[in-house]
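Shown here: target.txt, compact mmCIF, C-alpha atoms.
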```txt
# COMPACT_ATOMS: atom_id res chain seq x y z
CA MET K 1 -13.25 1.48 15.38
CA THR K 2 -10.07 1.85 13.37
CA ASN K 3 -7.75 -0.93 12.20
CA GLU K 4 -4.14 -0.21 11.26
CA ILE K 5 -1.51 -2.29 9.50
CA GLN K 6 1.95 -1.64 8.06
CA ILE K 7 4.14 -3.34 5.48
CA GLN K 8 7.89 -2.79 5.04
CA TRP K 9 9.78 -3.55 1.85
CA LYS K 10 12.53 -6.17 2.19
CA GLY K 11 14.00 -6.04 -1.33
CA ASN K 12 12.88 -7.44 -4.69
CA MET K 13 9.17 -8.37 -4.24
CA ALA K 14 9.33 -9.22 -0.51
CA PHE K 15 7.63 -7.35 2.31
CA ASN K 16 7.20 -7.88 6.03
CA ALA K 17 3.67 -7.23 7.22
CA ASP K 18 2.65 -6.19 10.72
CA SER K 19 -1.02 -6.98 10.81
CA MET K 20 -3.25 -7.12 13.89
CA GLY K 21 -2.33 -10.22 15.90
CA GLY K 22 0.97 -11.02 14.23
CA SER K 23 3.60 -10.49 11.55
CA PHE K 24 4.23 -12.41 8.37
CA LYS K 25 6.06 -12.29 5.03
CA ILE K 26 4.52 -11.26 1.73
CA ASP K 27 6.12 -12.22 -1.58
CA ALA K 28 5.15 -12.57 -5.21
CA GLY K 29 5.44 -15.96 -6.88
CA THR K 30 8.37 -16.78 -9.17
CA GLU K 31 6.06 -16.27 -12.18
CA SER K 32 5.67 -12.62 -11.10
CA GLY K 33 9.32 -11.87 -10.33
CA GLY K 34 9.24 -12.85 -6.66
CA GLU K 35 10.74 -15.83 -4.88
CA GLY K 36 7.51 -17.25 -3.47
CA ASN K 37 8.75 -16.88 0.11
CA GLY K 38 5.63 -15.36 1.57
CA LEU K 39 1.89 -14.99 1.36
CA ARG K 40 0.26 -13.71 -1.82
CA PRO K 41 -1.66 -10.50 -1.04
CA LYS K 42 -4.71 -11.17 -3.17
CA ALA K 43 -5.37 -14.62 -1.66
CA LEU K 44 -5.40 -12.94 1.79
CA MET K 45 -8.71 -11.33 0.81
CA LEU K 46 -10.25 -14.82 0.61
CA THR K 47 -8.64 -15.87 3.90
CA SER K 48 -10.04 -12.75 5.53
CA LEU K 49 -13.51 -13.71 4.29
CA ALA K 50 -13.23 -17.30 5.54
CA GLY K 51 -11.83 -16.21 8.91
CA CYS K 52 -14.51 -13.59 9.46
CA SER K 53 -17.34 -15.99 8.73
CA GLY K 54 -15.62 -18.88 10.54
CA LEU K 55 -15.43 -16.85 13.76
CA ASP K 56 -19.14 -16.03 13.44
CA ILE K 57 -20.09 -19.66 12.85
CA VAL K 58 -18.18 -21.24 15.76
CA SER K 59 -19.41 -18.53 18.09
CA LEU K 60 -23.04 -18.90 16.94
CA LEU K 61 -22.98 -22.72 17.09
CA LYS K 62 -21.71 -22.52 20.66
CA LYS K 63 -24.51 -20.12 21.67
CA MET K 64 -27.09 -22.30 19.87
CA ARG K 65 -25.71 -25.48 21.51
CA ALA K 66 -25.22 -26.95 18.07
CA GLU K 67 -21.47 -27.58 18.22
CA VAL K 68 -19.74 -29.76 15.65
CA ASP K 69 -16.49 -31.72 15.97
CA HIS K 70 -14.68 -29.87 13.24
CA LEU K 71 -15.24 -27.18 10.64
CA GLU K 72 -13.36 -26.40 7.46
CA ILE K 73 -14.13 -23.54 5.12
CA ASN K 74 -12.94 -23.64 1.51
CA VAL K 75 -13.05 -20.44 -0.50
CA THR K 76 -12.53 -20.21 -4.25
CA GLY K 77 -12.27 -16.83 -5.93
CA GLU K 78 -12.29 -16.29 -9.69
CA LEU K 79 -10.30 -13.31 -10.91
CA THR K 80 -11.23 -11.24 -13.93
CA GLU K 81 -9.01 -11.55 -17.02
CA GLU K 82 -8.42 -7.81 -17.38
CA HIS K 83 -6.50 -5.44 -15.10
CA PRO K 84 -7.28 -4.48 -12.42
CA LYS K 85 -7.93 -8.15 -11.66
CA TYR K 86 -10.59 -8.50 -8.99
CA TYR K 87 -12.71 -11.37 -7.70
CA ASP K 88 -15.96 -11.40 -9.65
CA LYS K 89 -17.14 -14.87 -8.50
CA VAL K 90 -16.52 -16.30 -5.05
CA HIS K 91 -17.68 -19.62 -3.64
CA MET K 92 -17.59 -20.52 0.06
CA GLU K 93 -17.99 -24.13 1.10
CA TYR K 94 -18.63 -24.86 4.79
CA VAL K 95 -17.70 -28.45 5.69
CA PHE K 96 -19.00 -29.69 9.05
CA TYR K 97 -17.62 -32.87 10.65
CA GLY K 98 -19.44 -34.66 13.48
CA SER K 99 -22.56 -36.69 14.21
CA SER K 100 -26.22 -35.92 15.00
CA PHE K 101 -25.94 -32.55 13.30
CA LYS K 102 -28.50 -29.93 14.29
CA LYS K 103 -28.82 -28.88 10.67
CA ASP K 104 -31.54 -26.26 11.19
CA LYS K 105 -29.35 -24.41 13.67
CA ILE K 106 -26.25 -24.80 11.52
CA LYS K 107 -28.10 -23.41 8.48
CA LYS K 108 -29.35 -20.53 10.64
CA ALA K 109 -25.79 -19.77 11.81
CA ILE K 110 -24.54 -19.67 8.21
CA GLN K 111 -27.42 -17.42 7.20
CA LEU K 112 -26.80 -15.01 10.11
CA SER K 113 -23.10 -14.76 9.26
CA VAL K 114 -23.65 -14.31 5.53
CA ASP K 115 -26.57 -11.87 5.75
CA GLN K 116 -26.00 -9.92 8.96
CA TYR K 117 -22.76 -10.34 10.89
CA CYS K 118 -19.80 -10.86 8.61
CA GLY K 119 -18.45 -7.48 7.56
CA VAL K 120 -15.97 -9.00 5.12
CA MET K 121 -18.88 -10.77 3.41
CA ALA K 122 -20.72 -7.44 3.18
CA MET K 123 -17.65 -5.97 1.45
CA PHE K 124 -17.29 -8.91 -0.95
CA LYS K 125 -20.95 -8.61 -1.97
CA LYS K 126 -20.16 -5.13 -3.31
CA PHE K 127 -17.90 -6.49 -6.06
CA ALA K 128 -18.43 -10.26 -6.33
CA ASP K 129 -21.20 -12.74 -6.94
CA VAL K 130 -20.86 -14.84 -3.76
CA SER K 131 -22.32 -18.35 -3.57
CA ILE K 132 -22.47 -20.60 -0.51
CA SER K 133 -22.68 -24.35 0.01
CA GLU K 134 -22.49 -26.66 3.00
CA LYS K 135 -21.42 -30.27 3.44
CA TYR K 136 -21.88 -32.61 6.41
CA ILE K 137 -19.41 -35.39 7.08
CA GLU K 138 -20.59 -37.96 9.65
CA GLN K 139 -17.78 -39.44 11.64
CA MET D 1 -7.42 -17.43 -12.85
CA THR D 2 -8.76 -18.98 -9.67
CA ASN D 3 -7.39 -18.58 -6.14
CA GLU D 4 -8.20 -21.10 -3.43
CA ILE D 5 -7.70 -21.04 0.33
CA GLN D 6 -8.83 -23.18 3.27
CA ILE D 7 -9.21 -22.63 6.99
CA GLN D 8 -9.54 -25.39 9.61
CA TRP D 9 -11.07 -24.86 13.03
CA LYS D 10 -8.70 -25.54 15.95
CA GLY D 11 -11.13 -25.07 18.87
CA ASN D 12 -12.58 -21.99 20.59
CA MET D 13 -11.99 -19.06 18.16
CA ALA D 14 -8.76 -20.39 16.60
CA PHE D 15 -8.27 -21.47 13.00
CA ASN D 16 -5.32 -22.56 10.88
CA ALA D 17 -5.29 -20.96 7.46
CA ASP D 18 -3.68 -22.39 4.34
CA SER D 19 -3.43 -19.41 2.06
CA MET D 20 -1.39 -19.14 -1.13
CA GLY D 21 2.30 -18.99 -0.22
CA GLY D 22 2.03 -20.15 3.39
CA SER D 23 0.03 -21.09 6.47
CA PHE D 24 -0.80 -19.05 9.55
CA LYS D 25 -3.02 -18.90 12.61
CA ILE D 26 -6.22 -16.89 12.90
CA ASP D 27 -7.70 -15.99 16.28
CA ALA D 28 -10.11 -13.49 17.76
CA GLY D 29 -8.87 -11.08 20.42
CA THR D 30 -9.61 -11.67 24.10
CA GLU D 31 -12.31 -8.97 23.92
CA SER D 32 -14.16 -11.18 21.41
CA GLY D 33 -13.78 -14.51 23.20
CA GLY D 34 -10.54 -15.56 21.55
CA GLU D 35 -7.03 -15.80 22.96
CA GLY D 36 -5.35 -13.38 20.56
CA ASN D 37 -2.97 -16.07 19.29
CA GLY D 38 -3.33 -15.35 15.61
CA LEU D 39 -4.10 -12.82 12.93
CA ARG D 40 -7.40 -10.94 12.99
CA PRO D 41 -9.31 -11.70 9.77
CA LYS D 42 -10.62 -8.21 9.11
CA ALA D 43 -7.20 -6.54 9.35
CA LEU D 44 -5.97 -8.97 6.68
CA MET D 45 -8.12 -7.08 4.17
CA LEU D 46 -5.95 -4.01 4.77
CA THR D 47 -2.74 -6.05 4.55
CA SER D 48 -3.94 -7.50 1.27
CA LEU D 49 -4.48 -3.97 -0.04
CA ALA D 50 -1.03 -2.77 1.07
CA GLY D 51 0.70 -5.87 -0.30
CA CYS D 52 -1.04 -5.66 -3.67
CA SER D 53 -0.13 -2.02 -4.16
CA GLY D 54 3.36 -2.47 -2.66
CA LEU D 55 4.20 -5.17 -5.22
CA ASP D 56 3.01 -2.85 -8.00
CA ILE D 57 5.08 0.06 -6.71
CA VAL D 58 8.42 -1.74 -6.28
CA SER D 59 8.02 -3.41 -9.64
CA LEU D 60 7.12 -0.11 -11.39
CA LEU D 61 9.92 1.85 -9.71
CA LYS D 62 12.41 -0.75 -10.89
CA LYS D 63 11.13 -0.53 -14.49
CA MET D 64 11.16 3.28 -14.31
CA ARG D 65 14.70 3.31 -12.84
CA ALA D 66 13.38 5.30 -9.93
CA GLU D 67 14.29 2.92 -7.09
CA VAL D 68 14.21 4.06 -3.48
CA ASP D 69 16.13 2.69 -0.50
CA HIS D 70 13.10 1.63 1.45
CA LEU D 71 9.31 1.73 1.29
CA GLU D 72 6.72 1.43 4.01
CA ILE D 73 2.99 1.46 3.48
CA ASN D 74 0.65 2.29 6.35
CA VAL D 75 -3.04 1.54 5.96
CA THR D 76 -5.78 2.74 8.28
CA GLY D 77 -9.33 1.48 7.88
CA GLU D 78 -12.35 2.88 9.70
CA LEU D 79 -15.10 0.39 10.43
CA THR D 80 -18.78 1.28 10.50
CA GLU D 81 -20.50 1.27 13.90
CA GLU D 82 -23.34 -1.03 12.84
CA HIS D 83 -23.22 -4.72 11.85
CA PRO D 84 -22.09 -5.87 9.39
CA LYS D 85 -19.03 -3.75 10.17
CA TYR D 86 -17.18 -2.91 6.98
CA TYR D 87 -14.45 -0.41 6.09
CA ASP D 88 -16.12 2.77 4.88
CA LYS D 89 -12.99 4.98 4.99
CA VAL D 90 -9.49 3.78 4.18
CA HIS D 91 -6.28 5.77 4.08
CA MET D 92 -3.04 4.54 2.50
CA GLU D 93 0.21 6.33 3.26
CA TYR D 94 3.24 5.51 1.11
CA VAL D 95 6.50 6.41 2.88
CA PHE D 96 9.60 6.49 0.67
CA TYR D 97 13.11 6.51 2.16
CA GLY D 98 16.15 7.52 0.14
CA SER D 99 17.81 10.50 -1.55
CA SER D 100 17.47 12.31 -4.90
CA PHE D 101 13.91 11.02 -5.26
CA LYS D 102 12.50 10.95 -8.80
CA LYS D 103 9.20 12.24 -7.49
CA ASP D 104 7.44 12.49 -10.86
CA LYS D 105 8.08 8.82 -11.52
CA ILE D 106 7.17 7.82 -7.99
CA LYS D 107 3.86 9.73 -8.24
CA LYS D 108 3.21 8.06 -11.60
CA ALA D 109 3.86 4.61 -10.09
CA ILE D 110 1.39 5.29 -7.27
CA GLN D 111 -1.20 6.55 -9.74
CA LEU D 112 -0.80 3.49 -12.00
CA SER D 113 -1.20 1.13 -9.04
CA VAL D 114 -4.19 2.96 -7.57
CA ASP D 115 -6.05 3.59 -10.84
CA GLN D 116 -5.12 0.68 -13.09
CA TYR D 117 -3.15 -2.25 -11.70
CA CYS D 118 -4.08 -3.04 -8.13
CA GLY D 119 -7.07 -5.36 -8.13
CA VAL D 120 -7.47 -5.19 -4.36
CA MET D 121 -7.72 -1.39 -4.66
CA ALA D 122 -10.42 -1.80 -7.32
CA MET D 123 -12.36 -4.00 -4.87
CA PHE D 124 -11.92 -1.55 -1.96
CA LYS D 125 -13.22 1.31 -4.10
CA LYS D 126 -16.53 -0.54 -4.37
CA PHE D 127 -17.27 -0.14 -0.66
CA ALA D 128 -14.85 2.42 0.82
CA ASP D 129 -13.80 5.99 0.34
CA VAL D 130 -10.05 5.45 -0.23
CA SER D 131 -7.58 8.32 0.20
CA ILE D 132 -3.87 8.28 -0.59
CA SER D 133 -0.87 10.24 0.67
CA GLU D 134 2.88 10.02 0.18
CA LYS D 135 5.83 11.03 2.31
CA TYR D 136 9.52 11.29 1.41
CA ILE D 137 12.21 10.77 4.02
CA GLU D 138 15.70 11.85 2.93
CA GLN D 139 18.44 9.76 4.46
```

Could the structure of this file be written out as structure tokens, please?
Amino acid sequence: MTNEIQIQWKGNMAFNADSMGGSFKIDAGTESGGEGNGLRPKALMLTSLAGCSGLDIVSLLKKMRAEVDHLEINVTGELTEEHPKYYDKVHMEYVFYGSSFKKDKIKKAIQLSVDQYCGVMAMFKKFADVSISEKYIEQ
Amino acid sequence: MTNEIQIQWKGNMAFNADSMGGSFKIDAGTESGGEGNGLRPKALMLTSLAGCSGLDIVSLLKKMRAEVDHLEINVTGELTEEHPKYYDKVHMEYVFYGSSFKKDKIKKAIQLSVDQYCGVMAMFKKFADVSISEKYIEQ
């Protein structure tokens, strides 16, 4: 399978991006000569990681009949000091909201995503030290 | 430096993403149980790559006094057949629009982005075979 995207320059540091499923604006922050009117490209790597694993998790929890009320995923990526600046440490926190959690199944779903299904995770593991944590919020 | 993002589940395969510089929707396509009402996470990796290098290029061309009228970047990523599906081959095409191109400077800007500045490119090189091409459209 092949994925294709395009970006078009819109002056100064602004671009329009046509990515699969929609279009959006890219811009650098004011500290980097942009106007901050768009998404920062490097942070999109982290959002890609969260989205990829998030889709795995909600799909697996449904199949396992271990649904939760709500799920948030927080990703923190530490960039190296030197150019080219890449993420060398990444932490993903899965936050589950609900009651009567089926924790064994939830842990299994995370493990399957992280170790087997999530292609973005497989890519991140090639350059970053990725750590995982989970949190359960009873409501 | 640390980058942080969050995604929140919105039912079925839909998420809201708060990434740096803006918010957007993530969804799986109908072929994967979603409704296609949002960006596909894996394609965002390619958009991140294009955006990172695009910001380098327009900034370098300005410094080098080698501006062009317009720039498009097309990225194609081939995914492996087996899970976890990752990009093993990636092609980036830089398309410059203008007249009296300062091609030496433009080539130098691409080379600096690809080899030294673009952190997302450095990450991609850890898992993919990345090829580059450029095209000049006189107008």

Checklist entry - Counting all atoms listed in the file, what is within 6 Å of region 84-86 of chain K, bar same-chain residues fewer than 4 positions away, as a ChimeraX atom specification? => result /K:79-80 /D:116-119

Next on the checklist: Taking all atoms listed in the file into account, name the residue in D:Ser53, D:Thr2, D:Thr76, D:Thr47 that is nearest to Lys25 (chain K).
Outcome noted: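 Residue with the minimum atom-to-atom distance to Lys25 (chain K): D:Thr47.
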
Same-sequence superposition of chain K onto chain D, all C-alpha, as a PDB file with C-alpha atoms, keeping the file's coordinate frame:
```
ATOM      1  CA  MET K   1      -7.413 -17.451 -12.843  1.00  0.00           C
ATOM      2  CA  THR K   2      -8.769 -18.992  -9.669  1.00  0.00           C
ATOM      3  CA  ASN K   3      -7.395 -18.585  -6.144  1.00  0.00           C
ATOM      4  CA  GLU K   4      -8.206 -21.103  -3.417  1.00  0.00           C
ATOM      5  CA  ILE K   5      -7.710 -21.031   0.336  1.00  0.00           C
ATOM      6  CA  GLN K   6      -8.837 -23.180   3.266  1.00  0.00           C
ATOM      7  CA  ILE K   7      -9.228 -22.635   6.993  1.00  0.00           C
ATOM      8  CA  GLN K   8      -9.554 -25.385   9.618  1.00  0.00           C
ATOM      9  CA  TRP K   9     -11.066 -24.867  13.049  1.00  0.00           C
ATOM     10  CA  LYS K  10      -8.705 -25.531  15.969  1.00  0.00           C
ATOM     11  CA  GLY K  11     -11.119 -25.053  18.887  1.00  0.00           C
ATOM     12  CA  ASN K  12     -12.595 -21.983  20.589  1.00  0.00           C
ATOM     13  CA  MET K  13     -11.990 -19.059  18.158  1.00  0.00           C
ATOM     14  CA  ALA K  14      -8.759 -20.389  16.591  1.00  0.00           C
ATOM     15  CA  PHE K  15      -8.272 -21.481  12.998  1.00  0.00           C
ATOM     16  CA  ASN K  16      -5.333 -22.565  10.879  1.00  0.00           C
ATOM     17  CA  ALA K  17      -5.307 -20.964   7.453  1.00  0.00           C
ATOM     18  CA  ASP K  18      -3.689 -22.389   4.335  1.00  0.00           C
ATOM     19  CA  SER K  19      -3.431 -19.407   2.068  1.00  0.00           C
ATOM     20  CA  MET K  20      -1.394 -19.144  -1.135  1.00  0.00           C
ATOM     21  CA  GLY K  21       2.296 -19.007  -0.205  1.00  0.00           C
ATOM     22  CA  GLY K  22       2.017 -20.148   3.392  1.00  0.00           C
ATOM     23  CA  SER K  23       0.024 -21.086   6.479  1.00  0.00           C
ATOM     24  CA  PHE K  24      -0.786 -19.049   9.543  1.00  0.00           C
ATOM     25  CA  LYS K  25      -3.031 -18.901  12.619  1.00  0.00           C
ATOM     26  CA  ILE K  26      -6.224 -16.889  12.899  1.00  0.00           C
ATOM     27  CA  ASP K  27      -7.707 -16.002  16.283  1.00  0.00           C
ATOM     28  CA  ALA K  28     -10.100 -13.489  17.767  1.00  0.00           C
ATOM     29  CA  GLY K  29      -8.847 -11.090  20.420  1.00  0.00           C
ATOM     30  CA  THR K  30      -9.583 -11.679  24.110  1.00  0.00           C
ATOM     31  CA  GLU K  31     -12.281  -8.970  23.924  1.00  0.00           C
ATOM     32  CA  SER K  32     -14.141 -11.174  21.410  1.00  0.00           C
ATOM     33  CA  GLY K  33     -13.771 -14.508  23.206  1.00  0.00           C
ATOM     34  CA  GLY K  34     -10.514 -15.571  21.562  1.00  0.00           C
ATOM     35  CA  GLU K  35      -7.013 -15.805  22.972  1.00  0.00           C
ATOM     36  CA  GLY K  36      -5.341 -13.385  20.568  1.00  0.00           C
ATOM     37  CA  ASN K  37      -2.971 -16.076  19.291  1.00  0.00           C
ATOM     38  CA  GLY K  38      -3.330 -15.361  15.612  1.00  0.00           C
ATOM     39  CA  LEU K  39      -4.108 -12.828  12.939  1.00  0.00           C
ATOM     40  CA  ARG K  40      -7.402 -10.942  12.978  1.00  0.00           C
ATOM     41  CA  PRO K  41      -9.313 -11.691   9.755  1.00  0.00           C
ATOM     42  CA  LYS K  42     -10.634  -8.211   9.096  1.00  0.00           C
ATOM     43  CA  ALA K  43      -7.203  -6.542   9.352  1.00  0.00           C
ATOM     44  CA  LEU K  44      -5.975  -8.993   6.667  1.00  0.00           C
ATOM     45  CA  MET K  45      -8.126  -7.094   4.163  1.00  0.00           C
ATOM     46  CA  LEU K  46      -5.953  -4.010   4.765  1.00  0.00           C
ATOM     47  CA  THR K  47      -2.747  -6.057   4.548  1.00  0.00           C
ATOM     48  CA  SER K  48      -3.947  -7.507   1.261  1.00  0.00           C
ATOM     49  CA  LEU K  49      -4.481  -3.973  -0.055  1.00  0.00           C
ATOM     50  CA  ALA K  50      -1.041  -2.774   1.068  1.00  0.00           C
ATOM     51  CA  GLY K  51       0.690  -5.877  -0.305  1.00  0.00           C
ATOM     52  CA  CYS K  52      -1.041  -5.663  -3.668  1.00  0.00           C
ATOM     53  CA  SER K  53      -0.137  -2.025  -4.168  1.00  0.00           C
ATOM     54  CA  GLY K  54       3.343  -2.478  -2.661  1.00  0.00           C
ATOM     55  CA  LEU K  55       4.185  -5.172  -5.222  1.00  0.00           C
ATOM     56  CA  ASP K  56       3.015  -2.856  -8.015  1.00  0.00           C
ATOM     57  CA  ILE K  57       5.072   0.063  -6.720  1.00  0.00           C
ATOM     58  CA  VAL K  58       8.416  -1.735  -6.278  1.00  0.00           C
ATOM     59  CA  SER K  59       8.013  -3.396  -9.649  1.00  0.00           C
ATOM     60  CA  LEU K  60       7.110  -0.113 -11.392  1.00  0.00           C
ATOM     61  CA  LEU K  61       9.919   1.863  -9.713  1.00  0.00           C
ATOM     62  CA  LYS K  62      12.406  -0.752 -10.886  1.00  0.00           C
ATOM     63  CA  LYS K  63      11.141  -0.541 -14.488  1.00  0.00           C
ATOM     64  CA  MET K  64      11.165   3.283 -14.320  1.00  0.00           C
ATOM     65  CA  ARG K  65      14.697   3.306 -12.827  1.00  0.00           C
ATOM     66  CA  ALA K  66      13.373   5.313  -9.920  1.00  0.00           C
ATOM     67  CA  GLU K  67      14.294   2.941  -7.090  1.00  0.00           C
ATOM     68  CA  VAL K  68      14.203   4.069  -3.474  1.00  0.00           C
ATOM     69  CA  ASP K  69      16.134   2.700  -0.490  1.00  0.00           C
ATOM     70  CA  HIS K  70      13.092   1.642   1.455  1.00  0.00           C
ATOM     71  CA  LEU K  71       9.314   1.741   1.288  1.00  0.00           C
ATOM     72  CA  GLU K  72       6.720   1.421   4.013  1.00  0.00           C
ATOM     73  CA  ILE K  73       2.984   1.458   3.479  1.00  0.00           C
ATOM     74  CA  ASN K  74       0.642   2.300   6.354  1.00  0.00           C
ATOM     75  CA  VAL K  75      -3.038   1.536   5.947  1.00  0.00           C
ATOM     76  CA  THR K  76      -5.777   2.734   8.281  1.00  0.00           C
ATOM     77  CA  GLY K  77      -9.317   1.462   7.869  1.00  0.00           C
ATOM     78  CA  GLU K  78     -12.336   2.876   9.691  1.00  0.00           C
ATOM     79  CA  LEU K  79     -15.099   0.394  10.418  1.00  0.00           C
ATOM     80  CA  THR K  80     -18.770   1.282  10.503  1.00  0.00           C
ATOM     81  CA  GLU K  81     -20.497   1.276  13.908  1.00  0.00           C
ATOM     82  CA  GLU K  82     -23.333  -1.020  12.836  1.00  0.00           C
ATOM     83  CA  HIS K  83     -23.220  -4.698  11.855  1.00  0.00           C
ATOM     84  CA  PRO K  84     -22.096  -5.880   9.394  1.00  0.00           C
ATOM     85  CA  LYS K  85     -19.036  -3.759  10.171  1.00  0.00           C
ATOM     86  CA  TYR K  86     -17.180  -2.893   6.988  1.00  0.00           C
ATOM     87  CA  TYR K  87     -14.458  -0.411   6.080  1.00  0.00           C
ATOM     88  CA  ASP K  88     -16.125   2.779   4.893  1.00  0.00           C
ATOM     89  CA  LYS K  89     -12.984   4.989   4.993  1.00  0.00           C
ATOM     90  CA  VAL K  90      -9.494   3.777   4.164  1.00  0.00           C
ATOM     91  CA  HIS K  91      -6.276   5.773   4.067  1.00  0.00           C
ATOM     92  CA  MET K  92      -3.038   4.533   2.490  1.00  0.00           C
ATOM     93  CA  GLU K  93       0.202   6.318   3.260  1.00  0.00           C
ATOM     94  CA  TYR K  94       3.240   5.505   1.100  1.00  0.00           C
ATOM     95  CA  VAL K  95       6.499   6.403   2.872  1.00  0.00           C
ATOM     96  CA  PHE K  96       9.601   6.483   0.661  1.00  0.00           C
ATOM     97  CA  TYR K  97      13.106   6.524   2.177  1.00  0.00           C
ATOM     98  CA  GLY K  98      16.174   7.511   0.142  1.00  0.00           C
ATOM     99  CA  SER K  99      17.811  10.493  -1.535  1.00  0.00           C
ATOM    100  CA  SER K 100      17.459  12.301  -4.884  1.00  0.00           C
ATOM    101  CA  PHE K 101      13.915  11.030  -5.266  1.00  0.00           C
ATOM    102  CA  LYS K 102      12.505  10.960  -8.788  1.00  0.00           C
ATOM    103  CA  LYS K 103       9.194  12.245  -7.484  1.00  0.00           C
ATOM    104  CA  ASP K 104       7.439  12.501 -10.859  1.00  0.00           C
ATOM    105  CA  LYS K 105       8.087   8.826 -11.527  1.00  0.00           C
ATOM    106  CA  ILE K 106       7.162   7.819  -7.990  1.00  0.00           C
ATOM    107  CA  LYS K 107       3.866   9.737  -8.232  1.00  0.00           C
ATOM    108  CA  LYS K 108       3.222   8.073 -11.600  1.00  0.00           C
ATOM    109  CA  ALA K 109       3.857   4.617 -10.093  1.00  0.00           C
ATOM    110  CA  ILE K 110       1.387   5.303  -7.271  1.00  0.00           C
ATOM    111  CA  GLN K 111      -1.195   6.563  -9.745  1.00  0.00           C
ATOM    112  CA  LEU K 112      -0.797   3.497 -12.005  1.00  0.00           C
ATOM    113  CA  SER K 113      -1.203   1.131  -9.053  1.00  0.00           C
ATOM    114  CA  VAL K 114      -4.190   2.955  -7.580  1.00  0.00           C
ATOM    115  CA  ASP K 115      -6.048   3.586 -10.847  1.00  0.00           C
ATOM    116  CA  GLN K 116      -5.119   0.671 -13.100  1.00  0.00           C
ATOM    117  CA  TYR K 117      -3.150  -2.257 -11.706  1.00  0.00           C
ATOM    118  CA  CYS K 118      -4.088  -3.035  -8.136  1.00  0.00           C
ATOM    119  CA  GLY K 119      -7.078  -5.361  -8.131  1.00  0.00           C
ATOM    120  CA  VAL K 120      -7.469  -5.182  -4.359  1.00  0.00           C
ATOM    121  CA  MET K 121      -7.705  -1.390  -4.657  1.00  0.00           C
ATOM    122  CA  ALA K 122     -10.400  -1.805  -7.320  1.00  0.00           C
ATOM    123  CA  MET K 123     -12.348  -3.996  -4.873  1.00  0.00           C
ATOM    124  CA  PHE K 124     -11.917  -1.563  -1.970  1.00  0.00           C
ATOM    125  CA  LYS K 125     -13.206   1.317  -4.107  1.00  0.00           C
ATOM    126  CA  LYS K 126     -16.525  -0.537  -4.380  1.00  0.00           C
ATOM    127  CA  PHE K 127     -17.269  -0.150  -0.663  1.00  0.00           C
ATOM    128  CA  ALA K 128     -14.847   2.404   0.813  1.00  0.00           C
ATOM    129  CA  ASP K 129     -13.796   5.990   0.325  1.00  0.00           C
ATOM    130  CA  VAL K 130     -10.051   5.463  -0.249  1.00  0.00           C
ATOM    131  CA  SER K 131      -7.582   8.325   0.203  1.00  0.00           C
ATOM    132  CA  ILE K 132      -3.863   8.280  -0.581  1.00  0.00           C
ATOM    133  CA  SER K 133      -0.870  10.241   0.673  1.00  0.00           C
ATOM    134  CA  GLU K 134       2.876  10.021   0.194  1.00  0.00           C
ATOM    135  CA  LYS K 135       5.840  11.038   2.327  1.00  0.00           C
ATOM    136  CA  TYR K 136       9.529  11.302   1.416  1.00  0.00           C
ATOM    137  CA  ILE K 137      12.207  10.773   4.030  1.00  0.00           C
ATOM    138  CA  GLU K 138      15.707  11.851   2.939  1.00  0.00           C
ATOM    139  CA  GLN K 139      18.425   9.778   4.476  1.00  0.00           C
TER     140      GLN K 139
END
```

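Atom pair CA of Ala14 (chain K) / CA of Val90 (chain K) has a distance of 27.2 Å (rounded to one decimal).
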
Checklist entry - Counting only C-alpha atoms, which residues from chain D have an atom at most 7 Å from any atom of chain K, and could you show them as a PyMOL selection string? => result chain D and resi 1-9+13+19-22+26+36-48+50-52+55+58+70-79+83-86+116-120+122-123+126-127

Item to check | All residues 6 Å or closer to region 99-111 of chain K, only C-alpha atoms, same chain fewer than 5 positions away omitted, as a ChimeraX atom specification | outcome: /K:57,60,66,138

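Distance-wise, CA of Gly98 (chain D) and CA of Val130 (chain D) end up 26.3 Å apart.
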
Next on the checklist: Report, in Å to a single decimal, how far apart CA of Leu61 (chain D) and CA of Asp129 (chain D) are.
Outcome noted: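 One can read the CA of Asp129 (chain D) to CA of Leu61 (chain D) distance as 26.1 Å.
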